[in-house]
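Trainee: Have a peek at model_0.txt (compact mmCIF, C-alpha atoms).
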# COMPACT_ATOMS: atom_id res chain seq x y z
CA MET A 1 77.74 75.39 116.55
CA THR A 2 75.67 75.18 113.43
CA SER A 3 75.15 71.57 112.65
CA ALA A 4 73.91 70.18 109.39
CA GLY A 5 70.41 71.47 108.92
CA PRO A 6 67.12 69.74 109.60
CA ALA A 7 65.81 66.94 107.49
CA GLY A 8 64.73 68.92 104.42
CA ALA A 9 68.14 68.54 102.93
CA ARG A 10 68.04 67.17 99.45
CA PRO A 11 70.81 64.70 98.82
CA PRO A 12 73.18 65.61 96.01
CA SER A 13 71.46 64.57 92.84
CA ASP A 14 74.42 62.98 91.17
CA GLY A 15 77.31 60.93 92.46
CA ASP A 16 77.15 58.53 95.37
CA PRO A 17 77.18 59.99 98.89
CA GLY A 18 80.75 59.03 99.59
CA SER A 19 82.18 60.67 96.51
CA SER A 20 82.56 64.21 97.83
CA ALA A 21 86.29 63.83 98.30
CA ASP A 22 86.64 62.94 94.65
CA PRO A 23 87.54 66.13 92.78
CA ASP A 24 86.04 64.78 89.58
CA SER A 25 82.57 64.39 91.02
CA ALA A 26 80.21 67.33 91.01
CA ASP A 27 80.39 67.62 94.81
CA GLY A 28 84.14 67.64 94.88
CA ALA A 29 84.25 70.22 92.11
CA SER A 30 81.92 72.46 94.09
CA ALA A 31 84.09 72.27 97.19
CA GLU A 32 87.23 72.70 95.11
CA ARG A 33 85.89 75.81 93.38
CA THR A 34 84.97 77.30 96.74
CA ARG A 35 88.39 76.46 98.16
CA LEU A 36 90.09 78.17 95.22
CA ALA A 37 87.78 81.19 95.57
CA TRP A 38 88.99 81.52 99.16
CA ARG A 39 92.61 81.26 98.02
CA ARG A 40 92.10 84.01 95.44
CA THR A 41 90.49 86.15 98.10
CA VAL A 42 93.49 85.69 100.39
CA LEU A 43 95.76 86.66 97.49
CA SER A 44 93.75 89.85 96.90
CA THR A 45 93.84 90.62 100.61
CA THR A 46 97.62 90.24 100.59
CA ALA A 47 97.96 92.71 97.72
CA VAL A 48 95.74 95.24 99.49
CA ALA A 49 97.65 94.78 102.77
CA LEU A 50 100.98 95.40 101.00
CA LEU A 51 99.60 98.50 99.27
CA THR A 52 98.29 99.78 102.60
CA ILE A 53 101.74 99.39 104.16
CA ARG A 54 103.27 101.13 101.14
CA VAL A 55 100.94 104.10 101.62
CA ALA A 56 101.58 104.10 105.39
CA VAL A 57 105.38 104.33 105.02
CA SER A 58 105.31 106.85 102.14
CA ASP A 59 104.73 109.68 104.60
CA ARG A 60 106.80 110.84 107.59
CA ILE A 61 107.34 107.88 109.93
CA SER A 62 105.42 108.41 113.16
CA PRO A 63 103.87 106.29 115.89
CA TRP A 64 100.72 106.33 113.75
CA THR A 65 102.68 104.60 110.99
CA ALA A 66 103.56 101.76 113.34
CA LEU A 67 99.94 101.56 114.47
CA ALA A 68 98.71 101.45 110.87
CA ILE A 69 101.18 98.71 109.97
CA ALA A 70 100.21 96.70 113.05
CA ALA A 71 96.51 97.05 112.18
CA THR A 72 97.21 96.00 108.59
CA CYS A 73 99.10 92.89 109.70
CA LEU A 74 96.32 92.07 112.15
CA GLY A 75 93.67 92.44 109.44
CA TRP A 76 95.66 90.29 107.03
CA LEU A 77 96.16 87.60 109.66
CA ALA A 78 92.45 87.67 110.50
CA GLY A 79 91.56 87.18 106.83
CA LEU A 80 94.13 84.43 106.45
CA TRP A 81 92.91 82.62 109.56
CA LEU A 82 89.26 82.80 108.54
CA ALA A 83 90.09 81.58 105.03
CA GLN A 84 92.27 78.71 106.24
CA ARG A 85 89.60 77.57 108.67
CA ARG A 86 86.99 77.63 105.92
CA ILE A 87 89.31 75.87 103.46
CA HIS A 88 89.87 73.09 105.98
CA SER A 89 86.13 72.66 106.47
CA MET A 90 85.79 72.19 102.69
CA SER A 91 86.98 68.62 103.18
CA ASP A 92 83.85 67.90 105.23
CA ARG A 93 81.26 65.89 103.37
CA GLU A 94 78.79 68.76 103.46
CA PRO A 95 80.67 71.95 104.36
CA ARG A 96 77.86 73.81 106.10
CA ASN A 97 79.51 75.09 109.26
CA ILE A 98 80.03 78.57 108.02
CA GLY A 99 78.87 80.37 111.17
CA ARG A 100 79.93 84.00 111.20
CA THR A 101 82.90 83.60 108.85
CA LEU A 102 81.42 85.70 106.02
CA PRO A 103 80.34 88.68 108.16
CA ALA A 104 83.79 88.58 109.77
CA ILE A 105 85.42 88.71 106.33
CA ALA A 106 83.18 91.59 105.27
CA LEU A 107 84.03 93.52 108.44
CA THR A 108 87.75 92.91 107.91
CA MET A 109 87.44 94.40 104.43
CA VAL A 110 85.53 97.40 105.79
CA GLY A 111 88.35 97.78 108.31
CA PHE A 112 90.89 97.85 105.47
CA ALA A 113 88.80 100.47 103.69
CA VAL A 114 88.55 102.68 106.78
CA LEU A 115 92.26 102.32 107.56
CA GLY A 116 93.28 103.16 104.00
CA MET A 117 90.93 106.14 103.87
CA ALA A 118 92.32 107.43 107.17
CA LEU A 119 95.88 107.10 105.84
CA ILE A 120 95.04 108.94 102.61
CA ALA A 121 93.11 111.66 104.42
CA ALA A 122 96.02 112.14 106.85
CA HIS A 123 98.44 112.54 103.95
CA GLY A 124 96.28 114.90 101.93
CA MET B 1 54.69 86.54 107.98
CA THR B 2 55.84 85.89 104.45
CA ASP B 3 54.61 89.34 103.41
CA ARG B 4 56.55 90.95 106.20
CA LEU B 5 59.69 89.04 105.26
CA ALA B 6 59.29 90.00 101.64
CA HIS B 7 58.85 93.59 102.71
CA VAL B 8 61.95 93.53 104.89
CA THR B 9 63.92 91.95 102.09
CA LYS B 10 62.64 94.47 99.57
CA THR B 11 63.66 97.43 101.67
CA ALA B 12 67.03 95.96 102.62
CA GLY B 13 69.81 98.45 102.17
CA LEU B 14 67.44 101.22 101.20
CA ALA B 15 65.48 101.29 104.46
CA ALA B 16 67.48 104.18 105.84
CA LEU B 17 66.91 106.22 102.68
CA SER B 18 63.22 105.52 102.25
CA SER B 19 61.20 108.59 103.10
CA SER B 20 57.78 106.99 102.77
CA ARG B 21 58.11 104.91 105.93
CA SER B 22 58.27 106.06 109.50
CA GLY B 23 61.69 106.38 111.10
CA ARG B 24 60.99 103.79 113.74
CA ARG B 25 60.06 101.09 111.27
CA ASN B 26 63.16 101.96 109.27
CA THR B 27 65.32 101.53 112.34
CA GLU B 28 63.68 98.19 113.07
CA HIS B 29 64.28 97.06 109.52
CA VAL B 30 67.91 98.10 109.58
CA PHE B 31 68.48 96.23 112.83
CA ALA B 32 66.66 93.17 111.51
CA ILE B 33 68.86 93.19 108.42
CA ILE B 34 72.09 93.68 110.36
CA ARG B 35 71.10 90.96 112.82
CA ARG B 36 70.64 88.61 109.89
CA TRP B 37 74.22 89.27 108.77
CA PHE B 38 75.67 88.19 112.09
CA ASP B 39 73.22 85.60 113.38
CA PRO B 40 73.90 82.27 111.71
CA HIS B 41 70.73 80.79 113.17
CA GLU B 42 68.64 83.47 111.53
CA VAL B 43 69.94 82.38 108.14
CA ARG B 44 70.36 78.71 109.03
CA GLU B 45 67.05 77.80 110.61
CA VAL B 46 64.25 79.32 108.57
CA GLY B 47 62.66 77.15 105.91
CA THR B 48 64.47 74.04 104.75
CA THR B 49 68.14 73.45 104.08
CA PRO B 50 68.91 73.56 100.35
CA ASP B 51 71.44 71.37 98.61
CA TYR B 52 74.71 72.47 100.16
CA ARG B 53 76.19 73.09 96.73
CA PHE B 54 73.77 75.98 96.27
CA SER B 55 75.08 77.45 99.52
CA LEU B 56 78.66 76.99 98.31
CA ALA B 57 77.79 78.80 95.08
CA ASN B 58 76.27 81.62 97.12
CA GLU B 59 79.47 81.73 99.19
CA ARG B 60 81.60 81.97 96.03
CA THR B 61 79.45 84.83 94.78
CA PHE B 62 80.05 86.59 98.09
CA LEU B 63 83.79 86.03 97.75
CA ALA B 64 83.76 87.33 94.18
CA TRP B 65 82.10 90.53 95.41
CA ILE B 66 84.65 90.77 98.22
CA ARG B 67 87.43 90.55 95.64
CA THR B 68 85.69 93.22 93.56
CA GLY B 69 85.70 95.44 96.64
CA LEU B 70 89.35 94.57 97.30
CA ALA B 71 90.24 95.51 93.72
CA LEU B 72 88.68 98.94 94.25
CA LEU B 73 90.53 99.27 97.57
CA GLY B 74 93.78 98.32 95.85
CA GLY B 75 93.09 100.77 93.03
CA GLY B 76 92.49 103.58 95.51
CA LEU B 77 95.65 102.74 97.44
CA ALA B 78 97.70 102.52 94.24
CA ILE B 79 96.41 105.94 93.15
CA ALA B 80 97.35 107.44 96.51
CA GLY B 81 100.71 105.68 96.64
CA PHE B 82 102.03 105.85 93.09
CA LEU B 83 100.21 108.49 91.05
CA PRO B 84 101.80 111.96 90.84
CA PRO B 85 99.43 114.78 91.85
CA LEU B 86 96.95 115.66 89.10
CA HIS B 87 96.36 119.13 87.72
CA VAL B 88 93.11 119.51 89.59
CA PRO B 89 93.87 120.04 93.28
CA HIS B 90 92.95 117.09 95.51
CA LEU B 91 91.52 115.14 92.58
CA ARG B 92 94.00 112.34 93.29
CA GLU B 93 93.04 112.11 96.96
CA GLY B 94 89.35 112.47 96.16
CA LEU B 95 89.48 109.70 93.61
CA ALA B 96 91.36 107.40 95.98
CA LEU B 97 88.90 108.08 98.79
CA ALA B 98 85.90 107.54 96.50
CA LEU B 99 87.26 104.21 95.28
CA MET B 100 87.98 103.03 98.81
CA ALA B 101 84.57 104.11 100.10
CA LEU B 102 82.99 102.21 97.23
CA GLY B 103 85.13 99.17 98.08
CA GLY B 104 84.01 99.22 101.70
CA PHE B 105 80.39 99.62 100.68
CA ILE B 106 80.66 96.66 98.30
CA ALA B 107 81.86 94.48 101.19
CA LEU B 108 78.80 95.40 103.27
CA ARG B 109 76.48 94.98 100.32
CA ALA B 110 78.07 91.58 99.63
CA ILE B 111 77.20 90.24 103.08
CA ASP B 112 73.69 91.67 102.81
CA HIS B 113 73.14 90.05 99.43
CA TRP B 114 74.58 86.74 100.64
CA SER B 115 72.25 86.55 103.62
CA ARG B 116 69.24 87.51 101.49
CA CYS B 117 70.07 84.86 98.89
CA GLU B 118 70.65 82.25 101.59
CA ARG B 119 67.31 83.07 103.16
CA ALA B 120 65.50 83.06 99.81
CA MET B 121 66.93 79.63 98.97
CA ARG B 122 65.81 78.26 102.33
CA LEU B 123 62.30 79.67 101.93
CA GLY B 124 62.02 78.56 98.31
CA GLU B 125 61.55 82.14 97.16
CA PRO B 126 63.03 83.66 94.01
CA LEU B 127 66.53 85.01 94.53
CA PRO B 128 66.52 88.74 95.32
CA ALA B 129 66.85 90.88 92.22
CA SER B 130 69.43 93.61 92.47
CA ARG B 131 70.12 96.81 90.58
CA PHE B 132 73.47 97.19 92.28
CA PRO B 133 75.65 95.64 89.52
CA ALA B 134 74.11 98.03 86.97
CA VAL B 135 74.49 101.00 89.30
CA LEU B 136 78.11 100.07 89.98
CA ALA B 137 78.86 99.72 86.27
CA ILE B 138 77.34 103.13 85.52
CA ALA B 139 79.18 104.76 88.44
CA VAL B 140 82.54 103.32 87.34
CA THR B 141 81.91 104.39 83.72
CA LEU B 142 80.95 107.93 84.70
CA GLY B 143 83.93 108.15 87.04
CA SER B 144 86.29 107.04 84.26
CA ILE B 145 84.84 109.58 81.82
CA LEU B 146 85.11 112.42 84.33
CA LEU B 147 88.69 111.45 85.15
CA LEU B 148 89.58 111.27 81.45
CA ILE B 149 88.17 114.76 80.94
CA ALA B 150 90.11 116.06 83.94
CA ILE B 151 93.33 114.57 82.55
CA ILE B 152 92.85 115.62 78.91
CA VAL B 153 91.79 119.23 79.57
CA PRO B 154 93.98 120.28 82.49
CA GLY B 155 94.40 123.94 81.57
CA PRO B 156 91.03 125.57 82.28
CA LEU B 157 90.52 123.47 85.40
CA ARG B 158 93.79 124.36 87.00
Would you encode the structure as structure tokens?
Mentor:
Amino acid sequence: MTSAGPAGARPPSDGDPGSSADPDSADGASAERTRLAWRRTVLSTTAVALLTIRVAVSDRISPWTALAIAATCLGWLAGLWLAQRRIHSMSDREPRNIGRTLPAIALTMVGFAVLGMALIAAHG
Amino acid sequence: MTDRLAHVTKTAGLAALSSSRSGRRNTEHVFAIIRRWFDPHEVREVGTTPDYRFSLANERTFLAWIRTGLALLGGGLAIAGFLPPLHVPHLREGLALALMALGGFIALRAIDHWSRCERAMRLGEPLPASRFPAVLAIAVTLGSILLLIAIIVPGPLR
């Protein structure tokens, strides 16, 4: 549990403290931009997952194909879950509770890279 | 303490390649850096907490890098899945593998850069400078030129 940090936090310099839910205030815009960035990332992940499945089924179907598809779905779901959780926390007044979300996202992407490289190497 | 931190930050990512330092210190640096990626307290408790909007901006930069890496992954997969074999043997597979390796590396570099920026903001230090965007741009340009040459002059290379 990472709570809001110690007392060195500077209050937002503009807007009143309760205005973070207002998308027109600077705070709301910041949270909104971050939320949309997560959505775009999920969209990109979806495209990569679909391409991975396309590459996996382009060869002879084998138990490895099923394993690759299962891993791809798992990776996509992991990314989706992490993003949804983070998007929900964007409605907090000060969305600080990021924990290990970003390393988990990075590792999921590395997993996609390794899986795709294994598929391509197996085909070649 | 600050000097040591600055040193660790400076050698981040290159510690394993640096030949001027002893292997043990390199290993310690690498572990310190990797621990910082995964330990929220390491990044959350040093210094003072900055305005959370700065942290959100840092998070968006991380996500933009992740999408850059995903674009390279997608490009590699599209090459492997849709491109007919090129004249040069295994050039297609090699290109796809290179793009995907680069994509995976960008994801790791993104989390490293995020944690270093977060730490610098908390300690009131300047944000870490990085040559990586320039290196990436040059690598992509050179790769495109080489690929163009391979496509335009297929005969002698076959």
Trainee: Which of these residues is nearest to Leu43 of chain A, using only C-alpha atoms: A:Leu80, A:Ala31, A:Ile87, A:Val57?
Mentor: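 Smallest distance to Leu43 of chain A is found for A:Leu80.
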Trainee: Check the smallest atom-to-atom distance from each of B:Pro89, B:Pro126, B:Gly81, B:Gly103 to Asp59 of chain A using all atoms listed in the file, then report the winner.
Mentor: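 Using all atoms listed in the file, Asp59 of chain A sits closest to B:Gly81.
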Trainee: Can I get the residues of chain B within 6 Å of chain A, each with the closest pair of atoms and their distance in Å to one decimal, using all atoms listed in the file, sorted chain first then ascending number, as a tab-separated table?
Mentor:
residue	atom	partner	partner_atom	distance
B:Pro40	CA	A:Gly99	CA	5.3
B:Thr48	CA	A:Gly8	CA	5.1
B:Thr49	CA	A:Ala9	CA	5.0
B:Pro50	CA	A:Ala9	CA	5.7
B:Asp51	CA	A:Arg10	CA	5.5
B:Arg60	CA	A:Thr34	CA	5.8
B:Arg67	CA	A:Thr41	CA	5.9
B:Gly74	CA	A:Val48	CA	5.2
B:Gly81	CA	A:Val55	CA	5.2
B:Leu97	CA	A:Met117	CA	5.8
B:Met100	CA	A:Ala113	CA	5.6
B:Gly104	CA	A:Val110	CA	4.7
B:Ala107	CA	A:Ala106	CA	5.2
Trainee: Go ahead and compute the interatomic distance for atom CA of Glu45 of chain B and atom CA of Arg122 of chain B, in Å to one decimal.
Mentor: 8.4 Å
Trainee: When you draw a straight line from atom CA of Ala32 of chain B to atom CA of Met121 of chain B, how long is it in Å?
Mentor: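 Those two atoms sit 18.5 Å apart.
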Trainee: To one decimal in Å, tell me the separation between atom CA of Ala120 of chain B and atom CA of Pro133 of chain B.
Mentor: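 We find that atom CA of Ala120 of chain B and atom CA of Pro133 of chain B lie 19.2 Å from each other.
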Trainee: Name the residues in contact with Phe62 of chain B at a cut-off of 8 Å, using only C-alpha atoms, excluding same-chain residues fewer than 5 positions from it; report them as a list in words.
Mentor: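 Near neighbours after the sequence-gap exclusion: Ala110, Ile111, His113 and Trp114 of chain B.
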